[in-house]
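What's in data_7.txt: compact mmCIF, C-alpha atoms and all ligand atoms
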```txt
# COMPACT_ATOMS: atom_id res chain seq x y z
CA MET G 1 -16.77 15.81 15.69
CA SER G 2 -14.63 14.01 18.24
CA SER G 3 -11.94 15.76 20.28
CA PRO G 4 -9.52 13.11 21.45
CA LYS G 5 -7.29 14.05 24.37
CA ALA G 6 -3.56 13.44 24.57
CA GLY G 7 -2.82 9.79 25.16
CA ASP G 8 -5.98 8.23 23.74
CA CYS G 9 -5.39 8.99 20.06
CA PHE G 10 -3.71 5.66 19.37
CA GLU G 11 -6.58 3.65 20.92
CA LYS G 12 -8.17 1.44 18.26
CA SER G 13 -11.61 2.87 19.03
CA SER G 14 -10.45 6.46 18.41
CA LEU G 15 -11.02 5.96 14.65
CA ALA G 16 -14.70 5.47 13.78
CA VAL G 17 -14.05 2.72 11.21
CA GLU G 18 -17.66 1.56 10.86
CA ALA G 19 -18.92 5.08 10.23
CA HIS G 20 -16.10 5.74 7.75
CA GLY G 21 -16.80 2.46 5.92
CA LYS G 22 -20.46 3.39 5.57
CA PHE G 23 -19.56 6.93 4.47
CA ILE G 24 -17.38 5.56 1.64
CA ALA G 25 -19.97 2.95 0.60
CA ARG G 26 -22.65 5.68 0.56
CA ALA G 27 -20.43 7.97 -1.55
CA SER G 28 -19.85 5.19 -4.08
CA SER G 29 -23.61 4.69 -4.52
CA SER G 30 -24.92 8.26 -4.62
CA THR G 31 -24.87 9.28 -8.27
CA ASP G 32 -27.39 12.09 -8.03
CA THR G 33 -25.33 14.58 -6.01
CA LEU G 34 -23.64 17.74 -7.26
CA GLU G 35 -20.33 16.41 -5.97
CA HIS G 36 -20.76 13.32 -8.14
CA ALA G 37 -21.25 15.48 -11.23
CA PHE G 38 -18.27 17.72 -10.39
CA THR G 39 -15.89 14.81 -9.84
CA GLU G 40 -16.89 12.83 -12.94
CA HIS G 41 -13.51 13.44 -14.66
CA LEU G 42 -11.51 11.93 -11.77
CA ARG G 43 -13.86 9.14 -10.77
CA LEU G 44 -11.22 6.39 -11.13
CA SER G 45 -8.96 8.06 -8.57
CA GLY G 46 -12.00 8.48 -6.29
CA ILE G 47 -12.69 4.76 -6.54
CA TYR G 48 -9.07 3.99 -5.67
CA TRP G 49 -9.17 6.30 -2.61
CA GLY G 50 -12.39 4.73 -1.36
CA VAL G 51 -11.49 1.10 -1.98
CA CYS G 52 -7.98 1.54 -0.56
CA ALA G 53 -9.35 3.25 2.56
CA LEU G 54 -11.78 0.36 3.11
CA ALA G 55 -8.99 -2.19 2.58
CA THR G 56 -6.72 -0.39 5.07
CA ILE G 57 -9.33 -0.44 7.83
CA GLY G 58 -10.32 -4.03 6.98
CA ARG G 59 -13.86 -3.07 5.82
CA LEU G 60 -13.67 -4.15 2.17
CA ASP G 61 -15.82 -7.25 2.58
CA ALA G 62 -18.19 -5.64 5.10
CA ASP G 63 -18.93 -2.54 3.02
CA LEU G 64 -18.51 -3.63 -0.61
CA GLY G 65 -20.36 -6.81 -1.58
CA ALA G 66 -19.46 -8.97 -4.60
CA GLU G 67 -22.12 -7.30 -6.75
CA LYS G 68 -20.84 -3.82 -5.97
CA ARG G 69 -17.27 -4.90 -6.75
CA GLU G 70 -18.31 -6.19 -10.17
CA GLU G 71 -20.16 -2.94 -10.79
CA ILE G 72 -17.00 -1.00 -9.93
CA LEU G 73 -14.78 -3.18 -12.11
CA SER G 74 -17.13 -2.91 -15.04
CA TYR G 75 -17.12 0.90 -14.61
CA VAL G 76 -13.29 0.89 -14.61
CA GLU G 77 -13.34 -1.29 -17.69
CA SER G 78 -15.60 1.20 -19.46
CA CYS G 79 -12.92 3.87 -18.89
CA ARG G 80 -10.34 1.90 -20.90
CA CYS G 81 -9.18 3.71 -24.03
CA GLU G 82 -7.84 2.37 -27.30
CA SER G 83 -4.35 3.66 -26.42
CA GLY G 84 -4.20 1.27 -23.44
CA ALA G 85 -4.70 4.19 -21.02
CA TYR G 86 -7.66 4.68 -18.68
CA SER G 87 -9.64 7.90 -18.37
CA GLY G 88 -10.92 9.42 -15.13
CA GLY G 89 -14.53 8.89 -16.21
CA VAL G 90 -16.43 7.44 -19.17
CA GLY G 91 -15.90 9.47 -22.34
CA HIS G 92 -12.93 11.49 -21.04
CA ASP G 93 -9.39 11.34 -22.45
CA GLY G 94 -7.01 8.66 -21.22
CA HIS G 95 -4.41 9.86 -18.70
CA ILE G 96 -1.48 8.30 -16.88
CA LEU G 97 -2.97 9.38 -13.49
CA TYR G 98 -6.09 7.25 -14.02
CA THR G 99 -4.10 4.45 -15.62
CA LEU G 100 -2.31 4.06 -12.29
CA SER G 101 -5.65 4.27 -10.45
CA ALA G 102 -7.03 1.44 -12.62
CA VAL G 103 -4.02 -0.78 -11.89
CA GLN G 104 -4.34 -0.01 -8.17
CA ILE G 105 -8.07 -0.88 -8.15
CA TYR G 106 -7.46 -4.22 -9.88
CA ALA G 107 -4.63 -4.93 -7.43
CA LEU G 108 -6.85 -4.11 -4.43
CA PHE G 109 -9.57 -6.46 -5.70
CA ASP G 110 -6.98 -9.16 -6.48
CA GLU G 111 -8.08 -9.16 -10.12
CA MET G 112 -4.82 -8.33 -11.90
CA ASP G 113 -5.47 -11.16 -14.38
CA ARG G 114 -8.29 -9.14 -15.88
CA LEU G 115 -5.93 -6.33 -16.99
CA ASN G 116 -4.17 -6.16 -20.36
CA PRO G 117 -0.60 -5.45 -19.17
CA ASP G 118 0.89 -5.23 -22.69
CA ALA G 119 -1.50 -2.44 -23.66
CA ILE G 120 -0.82 -0.51 -20.43
CA VAL G 121 2.94 -0.90 -20.77
CA ALA G 122 2.85 0.27 -24.41
CA TYR G 123 0.88 3.36 -23.38
CA VAL G 124 3.15 4.21 -20.45
CA LYS G 125 6.25 3.77 -22.64
CA SER G 126 4.77 6.10 -25.23
CA MET G 127 4.44 8.83 -22.57
CA GLN G 128 8.20 8.98 -21.82
CA ARG G 129 10.14 11.81 -23.45
CA GLU G 130 13.77 12.17 -24.56
CA ASP G 131 14.82 13.87 -21.30
CA GLY G 132 13.45 10.98 -19.20
CA SER G 133 10.33 12.89 -18.07
CA PHE G 134 6.77 11.65 -18.58
CA GLN G 135 3.87 13.51 -20.07
CA GLY G 136 0.44 12.76 -18.62
CA ASP G 137 -1.50 12.36 -21.84
CA GLU G 138 -1.37 12.96 -25.55
CA TRP G 139 -1.54 16.73 -25.01
CA GLY G 140 1.97 16.77 -23.58
CA GLU G 141 1.85 18.29 -20.06
CA VAL G 142 4.93 17.17 -18.11
CA ASP G 143 4.92 16.84 -14.30
CA THR G 144 6.87 14.75 -11.79
CA ARG G 145 3.51 13.28 -10.69
CA PHE G 146 3.39 11.52 -14.04
CA THR G 147 6.86 9.99 -13.54
CA TYR G 148 5.61 8.50 -10.28
CA CYS G 149 2.46 7.15 -11.94
CA ALA G 150 4.52 5.56 -14.72
CA LEU G 151 7.06 3.88 -12.46
CA SER G 152 4.50 2.77 -9.88
CA ALA G 153 2.11 1.27 -12.47
CA LEU G 154 4.93 -0.56 -14.26
CA ARG G 155 6.37 -1.90 -11.01
CA LEU G 156 2.93 -3.17 -9.95
CA LEU G 157 2.79 -4.98 -13.32
CA ASN G 158 6.35 -6.24 -12.83
CA ARG G 159 7.40 -4.43 -16.06
CA LEU G 160 9.56 -1.58 -14.73
CA HIS G 161 12.46 -2.49 -17.02
CA GLU G 162 10.41 -1.46 -20.08
CA VAL G 163 11.06 2.26 -19.63
CA ASP G 164 14.25 4.31 -19.16
CA VAL G 165 14.32 4.26 -15.36
CA GLU G 166 17.71 6.00 -15.11
CA GLY G 167 16.49 8.81 -17.37
CA ALA G 168 13.29 9.14 -15.34
CA CYS G 169 15.26 9.44 -12.08
CA ALA G 170 17.75 11.91 -13.60
CA TYR G 171 14.81 14.12 -14.66
CA ILE G 172 13.46 14.06 -11.10
CA ASN G 173 16.90 15.03 -9.84
CA ALA G 174 16.72 18.03 -12.16
CA CYS G 175 13.53 19.06 -10.31
CA LYS G 176 15.34 19.16 -6.94
CA ASN G 177 15.54 22.50 -5.14
CA PHE G 178 18.00 24.23 -2.76
CA ASP G 179 15.71 23.31 0.17
CA GLY G 180 15.99 19.58 -0.58
CA GLY G 181 12.41 19.42 -1.89
CA PHE G 182 11.10 18.83 -5.39
CA GLY G 183 8.77 20.64 -7.75
CA ALA G 184 6.60 19.62 -10.70
CA THR G 185 9.21 20.64 -13.29
CA PRO G 186 12.80 22.00 -13.09
CA GLY G 187 12.71 25.28 -11.11
CA GLY G 188 9.19 24.58 -9.78
CA GLU G 189 8.55 25.39 -6.11
CA SER G 190 8.94 22.55 -3.58
CA HIS G 191 5.53 21.13 -2.67
CA ALA G 192 4.92 18.18 -0.34
CA GLY G 193 2.66 16.46 -2.88
CA GLN G 194 5.40 16.59 -5.49
CA VAL G 195 7.94 15.48 -2.87
CA PHE G 196 5.90 12.30 -2.32
CA THR G 197 5.89 11.57 -6.05
CA CYS G 198 9.62 12.32 -6.47
CA VAL G 199 10.80 10.42 -3.41
CA GLY G 200 8.46 7.55 -4.34
CA ALA G 201 9.67 7.44 -7.94
CA LEU G 202 13.32 7.59 -6.89
CA ALA G 203 12.78 4.79 -4.36
CA ILE G 204 10.99 2.63 -6.94
CA GLY G 205 13.77 3.41 -9.44
CA GLY G 206 16.51 2.56 -6.91
CA ARG G 207 17.99 6.09 -6.95
CA LEU G 208 17.26 7.46 -3.47
CA ASP G 209 20.91 8.56 -3.46
CA TYR G 210 19.65 11.65 -5.36
CA VAL G 211 17.84 12.72 -2.14
CA ASP G 212 19.57 14.73 0.58
CA GLY G 213 17.76 12.93 3.42
CA ASP G 214 18.67 15.37 6.21
CA LEU G 215 17.90 18.52 4.24
CA LEU G 216 14.60 17.17 2.90
CA GLY G 217 13.77 15.63 6.30
CA TRP G 218 14.07 19.12 7.84
CA TRP G 219 11.88 20.69 5.18
CA LEU G 220 9.25 17.98 5.68
CA ALA G 221 9.33 18.22 9.50
CA GLU G 222 8.86 21.99 9.18
CA ARG G 223 5.48 21.30 7.60
CA GLN G 224 3.98 20.60 11.04
CA VAL G 225 2.06 23.60 12.40
CA LYS G 226 1.05 24.47 15.98
CA MET G 227 -2.31 22.68 15.83
CA GLY G 228 -0.50 19.40 14.98
CA GLY G 229 -1.49 19.09 11.31
CA LEU G 230 0.85 19.31 8.35
CA ASN G 231 0.84 21.77 5.46
CA GLY G 232 2.15 21.32 1.90
CA ARG G 233 4.29 24.45 1.69
CA PRO G 234 5.48 27.21 4.08
CA GLU G 235 2.74 29.60 5.27
CA LYS G 236 -0.12 27.33 4.16
CA LEU G 237 -2.89 26.00 6.39
CA PRO G 238 -2.65 22.41 7.66
CA ASP G 239 -4.64 19.87 5.68
CA VAL G 240 -5.31 16.20 6.45
CA CYS G 241 -4.18 15.05 2.99
CA TYR G 242 -0.66 16.31 3.78
CA SER G 243 -0.57 13.80 6.63
CA TRP G 244 0.04 11.41 3.74
CA TRP G 245 2.15 13.44 1.32
CA VAL G 246 4.56 14.54 4.07
CA LEU G 247 4.54 11.48 6.31
CA SER G 248 4.95 8.94 3.49
CA SER G 249 8.06 10.85 2.36
CA LEU G 250 9.40 10.93 5.92
CA SER G 251 8.60 7.23 6.19
CA VAL G 252 10.65 6.40 3.08
CA LEU G 253 13.50 8.45 4.59
CA GLY G 254 13.08 6.64 7.95
CA LYS G 255 12.32 9.91 9.74
CA THR G 256 8.66 9.87 10.85
CA HIS G 257 9.94 10.48 14.40
CA TRP G 258 11.09 13.95 13.27
CA ILE G 259 7.53 15.20 13.75
CA ASP G 260 5.17 15.07 16.75
CA ARG G 261 3.10 12.02 15.79
CA ASP G 262 0.71 12.29 18.75
CA ALA G 263 -0.17 15.85 17.74
CA LEU G 264 -0.71 14.81 14.10
CA CYS G 265 -2.84 11.84 15.16
CA ARG G 266 -5.02 14.14 17.29
CA PHE G 267 -5.36 16.61 14.40
CA ILE G 268 -6.54 13.90 11.99
CA LEU G 269 -9.00 12.48 14.53
CA ARG G 270 -10.42 15.96 15.15
CA CYS G 271 -11.27 16.08 11.44
CA GLN G 272 -13.43 12.95 11.52
CA ASP G 273 -17.19 12.96 11.72
CA VAL G 274 -17.80 10.08 14.10
CA THR G 275 -21.55 10.07 13.50
CA SER G 276 -22.02 10.30 9.73
CA GLY G 277 -18.49 9.14 8.92
CA GLY G 278 -15.77 10.66 6.78
CA ILE G 279 -12.74 12.86 7.40
CA SER G 280 -12.39 16.48 6.25
CA ASP G 281 -9.33 18.58 5.35
CA ARG G 282 -9.57 20.59 8.58
CA PRO G 283 -11.70 20.38 11.74
CA ASP G 284 -15.38 21.23 11.16
CA ASP G 285 -15.16 21.19 7.35
CA GLU G 286 -17.26 18.84 5.22
CA PRO G 287 -15.77 15.30 4.95
CA ASP G 288 -14.96 13.82 1.53
CA VAL G 289 -13.55 10.50 0.30
CA TYR G 290 -10.16 12.02 -0.63
CA HIS G 291 -9.42 13.29 2.88
CA THR G 292 -10.98 10.19 4.43
CA PHE G 293 -8.46 8.05 2.56
CA PHE G 294 -5.44 10.22 3.23
CA GLY G 295 -6.37 10.64 6.90
CA ILE G 296 -6.65 6.88 7.35
CA ALA G 297 -3.44 6.34 5.33
CA GLY G 298 -1.59 8.85 7.50
CA LEU G 299 -2.80 7.15 10.67
CA SER G 300 -1.68 3.82 9.22
CA LEU G 301 1.85 5.13 8.65
CA MET G 302 1.95 6.09 12.34
CA GLY G 303 0.90 2.58 13.36
CA HIS G 304 -2.68 3.34 14.39
CA PRO G 305 -4.19 -0.04 15.40
CA ALA G 306 -7.46 0.54 13.47
CA ALA G 307 -5.44 0.39 10.24
CA VAL G 308 -5.43 -3.39 10.34
CA GLU G 309 -3.93 -3.69 6.84
CA PRO G 310 -0.98 -1.28 7.10
CA ILE G 311 -0.27 0.77 4.01
CA ASP G 312 3.01 1.04 2.12
CA PRO G 313 4.52 4.55 1.84
CA LEU G 314 5.76 4.04 -1.75
CA PHE G 315 2.83 2.41 -3.52
CA ALA G 316 0.01 3.66 -1.25
CA LEU G 317 -1.46 0.18 -1.15
CA PRO G 318 -1.75 -2.20 1.80
CA ASN G 319 1.37 -4.33 2.38
CA SER G 320 -0.79 -7.45 1.93
CA VAL G 321 -1.73 -6.33 -1.62
CA LEU G 322 1.94 -5.82 -2.51
CA ALA G 323 2.83 -9.21 -1.04
CA ARG G 324 0.29 -10.80 -3.44
CA LEU G 325 2.14 -9.15 -6.32
CA GLY G 326 5.51 -10.38 -5.05
CA ILE G 327 6.62 -6.85 -4.10
CA LYS G 328 8.41 -6.38 -0.81
CA PRO G 329 6.75 -3.64 1.23
CA TRP G 330 9.16 -0.76 1.91
CA ILE G 331 9.20 -1.37 5.65
CA GLU G 332 10.30 -4.99 5.16
CA SER G 333 12.90 -4.11 2.55
CA LYS G 334 14.57 -1.96 5.23
CA GLU G 335 14.69 -4.68 7.89
C1 LIG O 401 -1.39 17.82 -3.74
O1 LIG O 401 -2.41 18.15 -4.60
C2 LIG O 401 -0.81 16.50 -4.15
C3 LIG O 401 0.07 16.28 -5.19
C4 LIG O 401 0.60 17.37 -6.04
C5 LIG O 401 0.55 14.87 -5.44
C6 LIG O 401 -0.41 14.08 -6.28
C7 LIG O 401 0.11 12.71 -6.55
C8 LIG O 401 -0.41 11.87 -7.44
C9 LIG O 401 -1.60 12.26 -8.24
C10 LIG O 401 0.21 10.50 -7.67
C11 LIG O 401 -0.67 9.34 -7.25
C12 LIG O 401 -0.96 9.36 -5.79
C13 LIG O 401 -1.12 8.25 -4.98
C14 LIG O 401 -1.43 8.41 -3.54
C15 LIG O 401 -0.98 6.86 -5.46
P1 LIG O 401 -3.44 19.37 -4.42
O2 LIG O 401 -3.92 19.72 -5.77
O3 LIG O 401 -4.44 19.03 -3.37
O4 LIG O 401 -2.48 20.54 -3.91
P2 LIG O 401 -2.87 21.87 -3.13
O5 LIG O 401 -3.02 21.48 -1.68
O6 LIG O 401 -1.67 22.76 -3.36
O7 LIG O 401 -4.15 22.36 -3.72
ZN ZN O 402 -6.29 18.37 1.17
```
For this file, write the structure as structure tokens.
Ligand code: FPP
Ligand code: ZN
Amino acid sequence: MSSPKAGDCFEKSSLAVEAHGKFIARASSSTDTLEHAFTEHLRLSGIYWGVCALATIGRLDADLGAEKREEILSYVESCRCESGAYSGGVGHDGHILYTLSAVQIYALFDEMDRLNPDAIVAYVKSMQREDGSFQGDEWGEVDTRFTYCALSALRLLNRLHEVDVEGACAYINACKNFDGGFGATPGGESHAGQVFTCVGALAIGGRLDYVDGDLLGWWLAERQVKMGGLNGRPEKLPDVCYSWWVLSSLSVLGKTHWIDRDALCRFILRCQDVTSGGISDRPDDEPDVYHTFFGIAGLSLMGHPAAVEPIDPLFALPNSVLARLGIKPWIESKE
């Protein structure tokens, strides 16, 4: 593990991009591990985290050859369900979470033409309920994460107008709490992961006026603990993935300077394994692709120079990918 000192954390070489690229490529090829078996049901999200991390550090071509890309796309294709949804892994039920992951993967590989947008739009529309909320699948669980997935996927397909955006945003507003944060459903505890989805959905839906920027900004800034990392709720341990959930929300609100970015950068870099690659949730834990992606994405939001393809805080895709889709990255839309 590396222990960067104050001042050197924003050096390009402080992030071991080659080791991380190899770590992700290795993870995508090892099918015989226990971890592989345990994560079968969410494989599509895993592919999105890995591919997006590689794209952000400019290692997509170096670490994923044309053959591997085709293999990945054909796997994604085999997760397509009759309903138009995608499942997390072959043989599992379709879900709006993995439907967004599929769209993101095709966008990252610049292969949007190979999707069937009408089928995806029909599925996403069928998941919206009377009160504007979205259920995640045919079994009916409702969660503000699913609203984000719906609005993000439709915007990436340039079909946002096909659902009731006002109703979706009003439902999110009903999930707002006294502390300025948001929960999964009305009355649900504020949680930084849900805050990302709610702020993101409101921004995509053009209703950020529902957010009390100062109140929520305070709550988000309070997530930084002594060791520099961020947690998801009061009294919880810091975790690298919250570098994304918290910082992306602060970024949309224009308030990333409300936290100590040097301290957060040092915390993330302390969680990387510079030899075998990968980033873990906390220093000295085992790295995984999820935390590798969110660590890199967090560093990107702080302008780390190794993130050569800076990532957008709303769509969690590199700005260059959004530009290809004709979507203005959030940072540019504010200029
Ligand atoms: C914390 O999860 C994170 C959330 C609740 C937000 C998840 C957001 C999505 C699935 C939307 C798609 C995301 C992107 C980046 C495009 P956790 O289960 O780790 O929470 P815990 O720390 O409380 O266990
Ligand atoms: Zn985590």
Which polymer residues have any atom within 10 Å of an atom of Ala102 (chain G), counting only C-alpha atoms, with same-chain residues fewer than 6 positions away left out, as number ranges by chain? G: 44-45, 47-48, 73, 76-77, 79-80, 85-88, 96, 108, 115, 153
Quick one: write out the picked residues with C-alpha atoms as a PDB file, in the frame of the given file?
```pdb
ATOM      1  CA  LEU G  44     -11.220   6.390 -11.130  1.00  0.00           C
ATOM      2  CA  SER G  45      -8.960   8.060  -8.570  1.00  0.00           C
ATOM      3  CA  ILE G  47     -12.690   4.760  -6.540  1.00  0.00           C
ATOM      4  CA  TYR G  48      -9.070   3.990  -5.670  1.00  0.00           C
ATOM      5  CA  LEU G  73     -14.780  -3.180 -12.110  1.00  0.00           C
ATOM      6  CA  VAL G  76     -13.290   0.890 -14.610  1.00  0.00           C
ATOM      7  CA  GLU G  77     -13.340  -1.290 -17.690  1.00  0.00           C
ATOM      8  CA  CYS G  79     -12.920   3.870 -18.890  1.00  0.00           C
ATOM      9  CA  ARG G  80     -10.340   1.900 -20.900  1.00  0.00           C
ATOM     10  CA  ALA G  85      -4.700   4.190 -21.020  1.00  0.00           C
ATOM     11  CA  TYR G  86      -7.660   4.680 -18.680  1.00  0.00           C
ATOM     12  CA  SER G  87      -9.640   7.900 -18.370  1.00  0.00           C
ATOM     13  CA  GLY G  88     -10.920   9.420 -15.130  1.00  0.00           C
ATOM     14  CA  ILE G  96      -1.480   8.300 -16.880  1.00  0.00           C
ATOM     15  CA  LEU G 108      -6.850  -4.110  -4.430  1.00  0.00           C
ATOM     16  CA  LEU G 115      -5.930  -6.330 -16.990  1.00  0.00           C
ATOM     17  CA  ALA G 153       2.110   1.270 -12.470  1.00  0.00           C
TER      18      ALA G 153
END
```
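In this model, the gap between CA of Thr275 (chain G) and CA of Ile24 (chain G) comes to 13.4 Å.
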What do you get as number ranges by chain if you pick all residues at most 7 Å from ligand ZN 402 (chain O), counting all atoms listed in the file? G: 239-242, 281, 291
Who sits within 12 Å of region 66-68 of chain G, only C-alpha atoms, same chain under 6 positions skipped, as a PDB file with C-alpha atoms, keeping the file's coordinate frame:
```pdb
ATOM      1  CA  ALA G  25     -19.970   2.950   0.600  1.00  0.00           C
ATOM      2  CA  ARG G  26     -22.650   5.680   0.560  1.00  0.00           C
ATOM      3  CA  SER G  28     -19.850   5.190  -4.080  1.00  0.00           C
ATOM      4  CA  SER G  29     -23.610   4.690  -4.520  1.00  0.00           C
ATOM      5  CA  ILE G  47     -12.690   4.760  -6.540  1.00  0.00           C
ATOM      6  CA  VAL G  51     -11.490   1.100  -1.980  1.00  0.00           C
ATOM      7  CA  LEU G  60     -13.670  -4.150   2.170  1.00  0.00           C
ATOM      8  CA  SER G  74     -17.130  -2.910 -15.040  1.00  0.00           C
ATOM      9  CA  TYR G  75     -17.120   0.900 -14.610  1.00  0.00           C
ATOM     10  CA  PHE G 109      -9.570  -6.460  -5.700  1.00  0.00           C
TER      11      PHE G 109
END
```
Who sits within 12 Å of Ala203 (chain G), all atoms listed in the file, same chain under 4 positions skipped, as a ChimeraX atom specification: /G:148,151-152,155,165-166,168-169,172,195-199,207-211,248-249,251-253,313-315,329-330,333-334
I need the residues from that last selection saved to file as a tab-separated table (two decimals), keeping the file's coordinate frame (with C-alpha atoms), if you can.
```
chain	number	residue	atom	x	y	z
G	148	TYR	CA	5.61	8.50	-10.28
G	151	LEU	CA	7.06	3.88	-12.46
G	152	SER	CA	4.50	2.77	-9.88
G	155	ARG	CA	6.37	-1.90	-11.01
G	165	VAL	CA	14.32	4.26	-15.36
G	166	GLU	CA	17.71	6.00	-15.11
G	168	ALA	CA	13.29	9.14	-15.34
G	169	CYS	CA	15.26	9.44	-12.08
G	172	ILE	CA	13.46	14.06	-11.10
G	195	VAL	CA	7.94	15.48	-2.87
G	196	PHE	CA	5.90	12.30	-2.32
G	197	THR	CA	5.89	11.57	-6.05
G	198	CYS	CA	9.62	12.32	-6.47
G	199	VAL	CA	10.80	10.42	-3.41
G	207	ARG	CA	17.99	6.09	-6.95
G	208	LEU	CA	17.26	7.46	-3.47
G	209	ASP	CA	20.91	8.56	-3.46
G	210	TYR	CA	19.65	11.65	-5.36
G	211	VAL	CA	17.84	12.72	-2.14
G	248	SER	CA	4.95	8.94	3.49
G	249	SER	CA	8.06	10.85	2.36
G	251	SER	CA	8.60	7.23	6.19
G	252	VAL	CA	10.65	6.40	3.08
G	253	LEU	CA	13.50	8.45	4.59
G	313	PRO	CA	4.52	4.55	1.84
G	314	LEU	CA	5.76	4.04	-1.75
G	315	PHE	CA	2.83	2.41	-3.52
G	329	PRO	CA	6.75	-3.64	1.23
G	330	TRP	CA	9.16	-0.76	1.91
G	333	SER	CA	12.90	-4.11	2.55
G	334	LYS	CA	14.57	-1.96	5.23
```
Counting all atoms listed in the file, what are the residues, protein, DNA or RNA alike, that approach ligand LIG 401 (chain O) to within 6 Å? I want them as a PyMOL selection string. chain G and resi 145+149+193-194+197+316
Once you count all atoms listed in the file, which residues end up no further than 6 Å from (12.3, 19.5, -11.6) in the file's frame, shown as a list in words?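 Applying the cut-off with all atoms listed in the file, one gets Ile172, Ala174, Cys175, Lys176, Gly183, Ala184, Thr185, Pro186 and Gly187 of chain G.
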What separation in Å, quoted to one decimal, exists between CA of Glu332 (chain G) and CA of Leu301 (chain G)? 13.6 Å
G:Asp285, G:Gly217, G:Gly206, G:Glu71: which is nearest His257 (chain G), counting all atoms listed in the file?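 Among the listed residues, the smallest separation from His257 (chain G) belongs to G:Gly217.
Only residues having an atom at most 9 Å from (2.0, 3.4, -18.1) are included; using all atoms listed in the file, these are Gly84, Ala85, Ile96, Thr99, Leu100, Ala119, Ile120, Val121, Ala122, Tyr123, Val124, Lys125, Ser126, Met127, Cys149, Ala150, Leu151, Ser152, Ala153 and Leu154 of chain G.
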In terms of the shortest atom-to-atom distance over all atoms listed in the file, which of G:Val163, G:Val103, G:Leu157, G:Leu269 is closest to Glu130 (chain G)?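 Counting all atoms listed in the file, the residue closest to Glu130 (chain G) is G:Val163.
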One residue among G:Met227, G:Leu237, G:Ile204, G:Phe23 is nearest to Phe267 (chain G) when using only C-alpha atoms, and that residue is G:Met227
So which one's closest to Glu111 (chain G), G:Glu70, G:Glu141, G:Asp61, G:Asp288? Using only C-alpha atoms, please.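 Looking at the shortest contact to Glu111 (chain G), the residue is G:Glu70.
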